[in-house]
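Enquirer: For reference, this is run_36.cif, and it has mmCIF, N, CA and C atoms.
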data_start
loop_
_atom_site.label_atom_id
_atom_site.label_comp_id
_atom_site.auth_asym_id
_atom_site.auth_seq_id
_atom_site.Cartn_x
_atom_site.Cartn_y
_atom_site.Cartn_z
N MET V 1 184.41 137.87 147.86
CA MET V 1 185.40 137.69 146.82
C MET V 1 184.68 137.70 145.47
N ASN V 2 185.26 138.38 144.51
CA ASN V 2 184.69 138.44 143.17
C ASN V 2 185.21 137.28 142.34
N VAL V 3 184.34 136.30 142.11
CA VAL V 3 184.76 135.11 141.37
C VAL V 3 184.35 135.18 139.90
N GLU V 4 183.78 136.31 139.50
CA GLU V 4 183.34 136.46 138.11
C GLU V 4 184.48 136.23 137.12
N LYS V 5 185.66 136.73 137.46
CA LYS V 5 186.81 136.55 136.57
C LYS V 5 187.17 135.08 136.43
N LEU V 6 186.96 134.29 137.49
CA LEU V 6 187.29 132.87 137.43
C LEU V 6 186.42 132.13 136.42
N THR V 7 185.20 132.60 136.23
CA THR V 7 184.29 131.89 135.33
C THR V 7 184.71 132.00 133.86
N ARG V 8 185.50 133.00 133.54
CA ARG V 8 185.94 133.16 132.14
C ARG V 8 187.18 132.34 131.81
N LEU V 9 187.83 131.78 132.82
CA LEU V 9 189.07 131.04 132.60
C LEU V 9 188.83 129.72 131.90
N ALA V 10 189.72 129.38 131.00
CA ALA V 10 189.74 128.05 130.40
C ALA V 10 190.77 127.24 131.17
N ILE V 11 190.33 126.12 131.74
CA ILE V 11 191.20 125.31 132.59
C ILE V 11 191.26 123.90 132.03
N SER V 12 192.46 123.44 131.71
CA SER V 12 192.61 122.08 131.21
C SER V 12 192.74 121.11 132.38
N ASP V 13 192.54 119.84 132.10
CA ASP V 13 192.64 118.81 133.14
C ASP V 13 194.05 118.70 133.74
N ASN V 14 195.06 119.11 132.97
CA ASN V 14 196.43 119.00 133.48
C ASN V 14 196.92 120.28 134.14
N GLY V 15 196.01 121.27 134.37
CA GLY V 15 196.37 122.45 135.15
C GLY V 15 196.76 123.68 134.37
N PHE V 16 196.64 123.66 133.06
CA PHE V 16 196.93 124.85 132.27
C PHE V 16 195.71 125.76 132.32
N ILE V 17 195.93 127.01 132.70
CA ILE V 17 194.85 127.99 132.84
C ILE V 17 195.11 129.12 131.86
N PHE V 18 194.07 129.47 131.11
CA PHE V 18 194.19 130.55 130.14
C PHE V 18 193.09 131.57 130.39
N ASP V 19 193.49 132.84 130.47
CA ASP V 19 192.54 133.94 130.62
C ASP V 19 192.36 134.58 129.24
N PRO V 20 191.22 134.36 128.58
CA PRO V 20 191.03 134.87 127.22
C PRO V 20 190.94 136.39 127.14
N ILE V 21 190.61 137.04 128.23
CA ILE V 21 190.51 138.50 128.22
C ILE V 21 191.90 139.14 128.20
N THR V 22 192.80 138.65 129.04
CA THR V 22 194.13 139.25 129.13
C THR V 22 195.16 138.55 128.25
N GLY V 23 194.89 137.29 127.89
CA GLY V 23 195.84 136.50 127.13
C GLY V 23 196.90 135.84 128.00
N HIS V 24 196.81 136.01 129.31
CA HIS V 24 197.78 135.42 130.22
C HIS V 24 197.46 133.94 130.45
N SER V 25 198.51 133.19 130.70
CA SER V 25 198.32 131.78 131.04
C SER V 25 199.07 131.47 132.33
N PHE V 26 198.56 130.47 133.03
CA PHE V 26 199.09 130.08 134.32
C PHE V 26 199.04 128.56 134.40
N THR V 27 199.72 128.01 135.38
CA THR V 27 199.61 126.58 135.62
C THR V 27 199.33 126.36 137.11
N THR V 28 198.67 125.27 137.39
CA THR V 28 198.40 124.88 138.76
C THR V 28 198.36 123.36 138.83
N ASN V 29 198.18 122.85 140.02
CA ASN V 29 198.10 121.40 140.18
C ASN V 29 196.64 120.98 140.39
N GLU V 30 196.43 119.72 140.68
CA GLU V 30 195.09 119.16 140.86
C GLU V 30 194.33 119.87 141.98
N ILE V 31 195.02 120.18 143.06
CA ILE V 31 194.36 120.85 144.18
C ILE V 31 193.97 122.28 143.79
N GLY V 32 194.85 122.95 143.05
CA GLY V 32 194.54 124.30 142.58
C GLY V 32 193.31 124.32 141.69
N ILE V 33 193.20 123.34 140.82
CA ILE V 33 192.02 123.24 139.95
C ILE V 33 190.78 123.05 140.81
N LYS V 34 190.87 122.19 141.81
CA LYS V 34 189.74 121.93 142.70
C LYS V 34 189.34 123.21 143.43
N ILE V 35 190.31 123.95 143.93
CA ILE V 35 190.02 125.19 144.64
C ILE V 35 189.33 126.19 143.72
N ILE V 36 189.85 126.36 142.52
CA ILE V 36 189.25 127.29 141.57
C ILE V 36 187.81 126.89 141.28
N ASN V 37 187.58 125.61 141.05
CA ASN V 37 186.21 125.16 140.76
C ASN V 37 185.28 125.39 141.94
N LEU V 38 185.76 125.19 143.15
CA LEU V 38 184.94 125.44 144.34
C LEU V 38 184.68 126.94 144.51
N LEU V 39 185.67 127.76 144.24
CA LEU V 39 185.47 129.21 144.29
C LEU V 39 184.45 129.66 143.25
N LYS V 40 184.49 129.06 142.08
CA LYS V 40 183.52 129.38 141.02
C LYS V 40 182.10 129.05 141.45
N GLU V 41 181.96 128.10 142.37
CA GLU V 41 180.65 127.74 142.92
C GLU V 41 180.27 128.63 144.11
N ASN V 42 181.06 129.67 144.35
CA ASN V 42 180.86 130.60 145.46
C ASN V 42 180.92 129.93 146.82
N LYS V 43 181.74 128.90 146.94
CA LYS V 43 181.93 128.23 148.22
C LYS V 43 182.75 129.14 149.15
N GLU V 44 182.41 129.12 150.41
CA GLU V 44 183.17 129.86 151.41
C GLU V 44 184.46 129.10 151.72
N ASN V 45 185.44 129.81 152.27
CA ASN V 45 186.73 129.18 152.58
C ASN V 45 186.57 127.97 153.49
N GLU V 46 185.71 128.06 154.49
CA GLU V 46 185.50 126.94 155.41
C GLU V 46 184.97 125.71 154.66
N ASP V 47 184.05 125.93 153.72
CA ASP V 47 183.50 124.83 152.93
C ASP V 47 184.58 124.20 152.05
N ILE V 48 185.43 125.05 151.50
CA ILE V 48 186.53 124.56 150.67
C ILE V 48 187.49 123.73 151.51
N LEU V 49 187.82 124.24 152.68
CA LEU V 49 188.71 123.50 153.58
C LEU V 49 188.12 122.14 153.95
N ASP V 50 186.84 122.13 154.27
CA ASP V 50 186.18 120.87 154.64
C ASP V 50 186.24 119.86 153.49
N GLU V 51 185.94 120.34 152.28
CA GLU V 51 185.94 119.44 151.14
C GLU V 51 187.34 118.92 150.82
N LEU V 52 188.34 119.78 150.89
CA LEU V 52 189.70 119.36 150.62
C LEU V 52 190.21 118.40 151.69
N ALA V 53 189.81 118.65 152.95
CA ALA V 53 190.24 117.77 154.04
C ALA V 53 189.67 116.37 153.87
N GLU V 54 188.49 116.26 153.27
CA GLU V 54 187.89 114.95 153.01
C GLU V 54 188.64 114.18 151.93
N ILE V 55 189.20 114.91 150.98
CA ILE V 55 189.85 114.29 149.83
C ILE V 55 191.32 113.99 150.11
N TYR V 56 192.01 114.94 150.75
CA TYR V 56 193.45 114.83 150.92
C TYR V 56 193.80 114.66 152.39
N SER V 57 194.77 113.84 152.66
CA SER V 57 195.25 113.62 154.04
C SER V 57 196.28 114.68 154.38
N VAL V 58 195.79 115.79 154.89
CA VAL V 58 196.66 116.92 155.18
C VAL V 58 196.21 117.55 156.50
N ASN V 59 197.17 118.04 157.24
CA ASN V 59 196.89 118.76 158.47
C ASN V 59 196.01 119.97 158.16
N GLU V 60 194.94 120.16 158.93
CA GLU V 60 193.99 121.24 158.65
C GLU V 60 194.62 122.62 158.71
N ASN V 61 195.54 122.84 159.64
CA ASN V 61 196.22 124.14 159.72
C ASN V 61 197.08 124.39 158.49
N GLU V 62 197.78 123.37 158.05
CA GLU V 62 198.60 123.49 156.84
C GLU V 62 197.72 123.75 155.62
N LEU V 63 196.59 123.06 155.57
CA LEU V 63 195.64 123.23 154.47
C LEU V 63 195.11 124.66 154.45
N ASP V 64 194.80 125.21 155.61
CA ASP V 64 194.30 126.58 155.71
C ASP V 64 195.34 127.57 155.20
N VAL V 65 196.58 127.40 155.61
CA VAL V 65 197.67 128.29 155.16
C VAL V 65 197.83 128.18 153.64
N ASP V 66 197.81 126.96 153.12
CA ASP V 66 197.97 126.76 151.68
C ASP V 66 196.82 127.37 150.89
N LEU V 67 195.59 127.25 151.42
CA LEU V 67 194.43 127.83 150.74
C LEU V 67 194.55 129.35 150.71
N MET V 68 194.90 129.95 151.83
CA MET V 68 195.04 131.41 151.87
C MET V 68 196.16 131.88 150.93
N ASP V 69 197.24 131.12 150.86
CA ASP V 69 198.34 131.45 149.96
C ASP V 69 197.88 131.36 148.51
N PHE V 70 197.12 130.32 148.18
CA PHE V 70 196.64 130.15 146.81
C PHE V 70 195.70 131.28 146.43
N ILE V 71 194.78 131.64 147.32
CA ILE V 71 193.86 132.74 147.05
C ILE V 71 194.62 134.05 146.92
N HIS V 72 195.64 134.24 147.73
CA HIS V 72 196.48 135.43 147.63
C HIS V 72 197.14 135.50 146.24
N ASN V 73 197.62 134.36 145.75
CA ASN V 73 198.22 134.32 144.42
C ASN V 73 197.19 134.63 143.34
N LEU V 74 195.98 134.13 143.48
CA LEU V 74 194.91 134.45 142.52
C LEU V 74 194.68 135.96 142.49
N LYS V 75 194.68 136.56 143.66
CA LYS V 75 194.50 138.02 143.74
C LYS V 75 195.67 138.75 143.09
N ASN V 76 196.89 138.28 143.33
CA ASN V 76 198.06 138.92 142.72
C ASN V 76 198.02 138.87 141.20
N PHE V 77 197.44 137.80 140.65
CA PHE V 77 197.33 137.68 139.21
C PHE V 77 196.02 138.27 138.68
N SER V 78 195.31 139.00 139.57
CA SER V 78 194.03 139.67 139.22
C SER V 78 193.00 138.69 138.67
N LEU V 79 192.97 137.49 139.25
CA LEU V 79 192.00 136.48 138.82
C LEU V 79 190.76 136.44 139.70
N VAL V 80 190.81 137.11 140.83
CA VAL V 80 189.63 137.25 141.71
C VAL V 80 189.56 138.69 142.19
#
I'd like the structure from this file rewritten - as structure tokens, please.
Expert:
Amino acid sequence: MNVEKLTRLAISDNGFIFDPITGHSFTTNEIGIKIINLLKENKENEDILDELAEIYSVNENELDVDLMDFIHNLKNFSLV
């Protein structure tokens, strides 16, 4: 996955995301911010799942589906 585009994003603590190259803005929640930051560190999906599972009390299968959905949305917005 190409995470270079993620490194240029400005992300506020409350989930506002701004892409200075395109001028587009997006919003996400606390978990989305965490996922983006982990992706920026070139973490693999399994590592991201493990870290999120430690923080949040969520079924691992549900977490996997949500992570894949979030990454799919990042791709749709050309952010990865």
Enquirer: Assign secondary structure with DSSP using the backbone only, and return the residues of chain V in strand (DSSP E or B) as a list of chain:residue names.
Expert: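 Written out, the strand (DSSP E or B) residues of chain V are V:Ala10, V:Ile11, V:Phe16, V:Ile17, V:Phe18, V:Ser25, V:Phe26, V:Thr27.
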Enquirer: Just the residues within 8 Å of stretch 65-72 of chain V, please, counting all atoms listed in the file, with nothing from its chain fewer than 5 positions along; format it as a list of chain:residue names.
Expert: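 Counting all atoms listed in the file, the residues come to V:Gly32, V:Ile35, V:Leu49, V:Asn59, V:Glu60, V:Phe77, V:Ser78, V:Val80.
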Enquirer: At what distance in Å, to one decimal, does atom N of V:Leu79 lie from atom C of V:Asn42?
Expert: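 Computing the Euclidean distance for atom C of V:Asn42 and atom N of V:Leu79 yields 16.1 Å.
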Enquirer: State, in Å with one decimal place, the distance from atom CA of V:Phe16 to atom CA of V:Thr28.
Expert: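 Going from atom CA of V:Phe16 over to atom CA of V:Thr28, I get 6.7 Å.
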Enquirer: Distance atom C of V:Asp50-atom CA of V:Leu63, one decimal place?
Expert: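 Value for the atom C of V:Asp50-atom CA of V:Leu63 distance: 10.0 Å.
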Enquirer: Give me every alpha helix (DSSP H) residue in stretch 9-78 of chain V, going by DSSP on the backbone, as an mmCIF file with N, CA and C atoms, in the frame of the given file.
Expert:
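Everything below was put into out_2.cif:
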data_model
loop_
_atom_site.group_PDB
_atom_site.id
_atom_site.type_symbol
_atom_site.label_atom_id
_atom_site.label_comp_id
_atom_site.auth_asym_id
_atom_site.auth_seq_id
_atom_site.Cartn_x
_atom_site.Cartn_y
_atom_site.Cartn_z
ATOM 1 N N GLU V 30 196.430 119.720 140.680
ATOM 2 C CA GLU V 30 195.090 119.160 140.860
ATOM 3 C C GLU V 30 194.330 119.870 141.980
ATOM 4 N N ILE V 31 195.020 120.180 143.060
ATOM 5 C CA ILE V 31 194.360 120.850 144.180
ATOM 6 C C ILE V 31 193.970 122.280 143.790
ATOM 7 N N GLY V 32 194.850 122.950 143.050
ATOM 8 C CA GLY V 32 194.540 124.300 142.580
ATOM 9 C C GLY V 32 193.310 124.320 141.690
ATOM 10 N N ILE V 33 193.200 123.340 140.820
ATOM 11 C CA ILE V 33 192.020 123.240 139.950
ATOM 12 C C ILE V 33 190.780 123.050 140.810
ATOM 13 N N LYS V 34 190.870 122.190 141.810
ATOM 14 C CA LYS V 34 189.740 121.930 142.700
ATOM 15 C C LYS V 34 189.340 123.210 143.430
ATOM 16 N N ILE V 35 190.310 123.950 143.930
ATOM 17 C CA ILE V 35 190.020 125.190 144.640
ATOM 18 C C ILE V 35 189.330 126.190 143.720
ATOM 19 N N ILE V 36 189.850 126.360 142.520
ATOM 20 C CA ILE V 36 189.250 127.290 141.570
ATOM 21 C C ILE V 36 187.810 126.890 141.280
ATOM 22 N N ASN V 37 187.580 125.610 141.050
ATOM 23 C CA ASN V 37 186.210 125.160 140.760
ATOM 24 C C ASN V 37 185.280 125.390 141.940
ATOM 25 N N LEU V 38 185.760 125.190 143.150
ATOM 26 C CA LEU V 38 184.940 125.440 144.340
ATOM 27 C C LEU V 38 184.680 126.940 144.510
ATOM 28 N N LEU V 39 185.670 127.760 144.240
ATOM 29 C CA LEU V 39 185.470 129.210 144.290
ATOM 30 C C LEU V 39 184.450 129.660 143.250
ATOM 31 N N LYS V 40 184.490 129.060 142.080
ATOM 32 C CA LYS V 40 183.520 129.380 141.020
ATOM 33 C C LYS V 40 182.100 129.050 141.450
ATOM 34 N N ASN V 45 185.440 129.810 152.270
ATOM 35 C CA ASN V 45 186.730 129.180 152.580
ATOM 36 C C ASN V 45 186.570 127.970 153.490
ATOM 37 N N GLU V 46 185.710 128.060 154.490
ATOM 38 C CA GLU V 46 185.500 126.940 155.410
ATOM 39 C C GLU V 46 184.970 125.710 154.660
ATOM 40 N N ASP V 47 184.050 125.930 153.720
ATOM 41 C CA ASP V 47 183.500 124.830 152.930
ATOM 42 C C ASP V 47 184.580 124.200 152.050
ATOM 43 N N ILE V 48 185.430 125.050 151.500
ATOM 44 C CA ILE V 48 186.530 124.560 150.670
ATOM 45 C C ILE V 48 187.490 123.730 151.510
ATOM 46 N N LEU V 49 187.820 124.240 152.680
ATOM 47 C CA LEU V 49 188.710 123.500 153.580
ATOM 48 C C LEU V 49 188.120 122.140 153.950
ATOM 49 N N ASP V 50 186.840 122.130 154.270
ATOM 50 C CA ASP V 50 186.180 120.870 154.640
ATOM 51 C C ASP V 50 186.240 119.860 153.490
ATOM 52 N N GLU V 51 185.940 120.340 152.280
ATOM 53 C CA GLU V 51 185.940 119.440 151.140
ATOM 54 C C GLU V 51 187.340 118.920 150.820
ATOM 55 N N LEU V 52 188.340 119.780 150.890
ATOM 56 C CA LEU V 52 189.700 119.360 150.620
ATOM 57 C C LEU V 52 190.210 118.400 151.690
ATOM 58 N N ALA V 53 189.810 118.650 152.950
ATOM 59 C CA ALA V 53 190.240 117.770 154.040
ATOM 60 C C ALA V 53 189.670 116.370 153.870
ATOM 61 N N GLU V 54 188.490 116.260 153.270
ATOM 62 C CA GLU V 54 187.890 114.950 153.010
ATOM 63 C C GLU V 54 188.640 114.180 151.930
ATOM 64 N N ILE V 55 189.200 114.910 150.980
ATOM 65 C CA ILE V 55 189.850 114.290 149.830
ATOM 66 C C ILE V 55 191.320 113.990 150.110
ATOM 67 N N GLU V 60 194.940 120.160 158.930
ATOM 68 C CA GLU V 60 193.990 121.240 158.650
ATOM 69 C C GLU V 60 194.620 122.620 158.710
ATOM 70 N N ASN V 61 195.540 122.840 159.640
ATOM 71 C CA ASN V 61 196.220 124.140 159.720
ATOM 72 C C ASN V 61 197.080 124.390 158.490
ATOM 73 N N GLU V 62 197.780 123.370 158.050
ATOM 74 C CA GLU V 62 198.600 123.490 156.840
ATOM 75 C C GLU V 62 197.720 123.750 155.620
ATOM 76 N N LEU V 63 196.590 123.060 155.570
ATOM 77 C CA LEU V 63 195.640 123.230 154.470
ATOM 78 C C LEU V 63 195.110 124.660 154.450
ATOM 79 N N ASP V 64 194.800 125.210 155.610
ATOM 80 C CA ASP V 64 194.300 126.580 155.710
ATOM 81 C C ASP V 64 195.340 127.570 155.200
ATOM 82 N N VAL V 65 196.580 127.400 155.610
ATOM 83 C CA VAL V 65 197.670 128.290 155.160
ATOM 84 C C VAL V 65 197.830 128.180 153.640
ATOM 85 N N ASP V 66 197.810 126.960 153.120
ATOM 86 C CA ASP V 66 197.970 126.760 151.680
ATOM 87 C C ASP V 66 196.820 127.370 150.890
ATOM 88 N N LEU V 67 195.590 127.250 151.420
ATOM 89 C CA LEU V 67 194.430 127.830 150.740
ATOM 90 C C LEU V 67 194.550 129.350 150.710
ATOM 91 N N MET V 68 194.900 129.950 151.830
ATOM 92 C CA MET V 68 195.040 131.410 151.870
ATOM 93 C C MET V 68 196.160 131.880 150.930
ATOM 94 N N ASP V 69 197.240 131.120 150.860
ATOM 95 C CA ASP V 69 198.340 131.450 149.960
ATOM 96 C C ASP V 69 197.880 131.360 148.510
ATOM 97 N N PHE V 70 197.120 130.320 148.180
ATOM 98 C CA PHE V 70 196.640 130.150 146.810
ATOM 99 C C PHE V 70 195.700 131.280 146.430
ATOM 100 N N ILE V 71 194.780 131.640 147.320
ATOM 101 C CA ILE V 71 193.860 132.740 147.050
ATOM 102 C C ILE V 71 194.620 134.050 146.920
ATOM 103 N N HIS V 72 195.640 134.240 147.730
ATOM 104 C CA HIS V 72 196.480 135.430 147.630
ATOM 105 C C HIS V 72 197.140 135.500 146.240
ATOM 106 N N ASN V 73 197.620 134.360 145.750
ATOM 107 C CA ASN V 73 198.220 134.320 144.420
ATOM 108 C C ASN V 73 197.190 134.630 143.340
ATOM 109 N N LEU V 74 195.980 134.130 143.480
ATOM 110 C CA LEU V 74 194.910 134.450 142.520
ATOM 111 C C LEU V 74 194.680 135.960 142.490
ATOM 112 N N LYS V 75 194.680 136.560 143.660
ATOM 113 C CA LYS V 75 194.500 138.020 143.740
ATOM 114 C C LYS V 75 195.670 138.750 143.090
ATOM 115 N N ASN V 76 196.890 138.280 143.330
ATOM 116 C CA ASN V 76 198.060 138.920 142.720
ATOM 117 C C ASN V 76 198.020 138.870 141.200
#
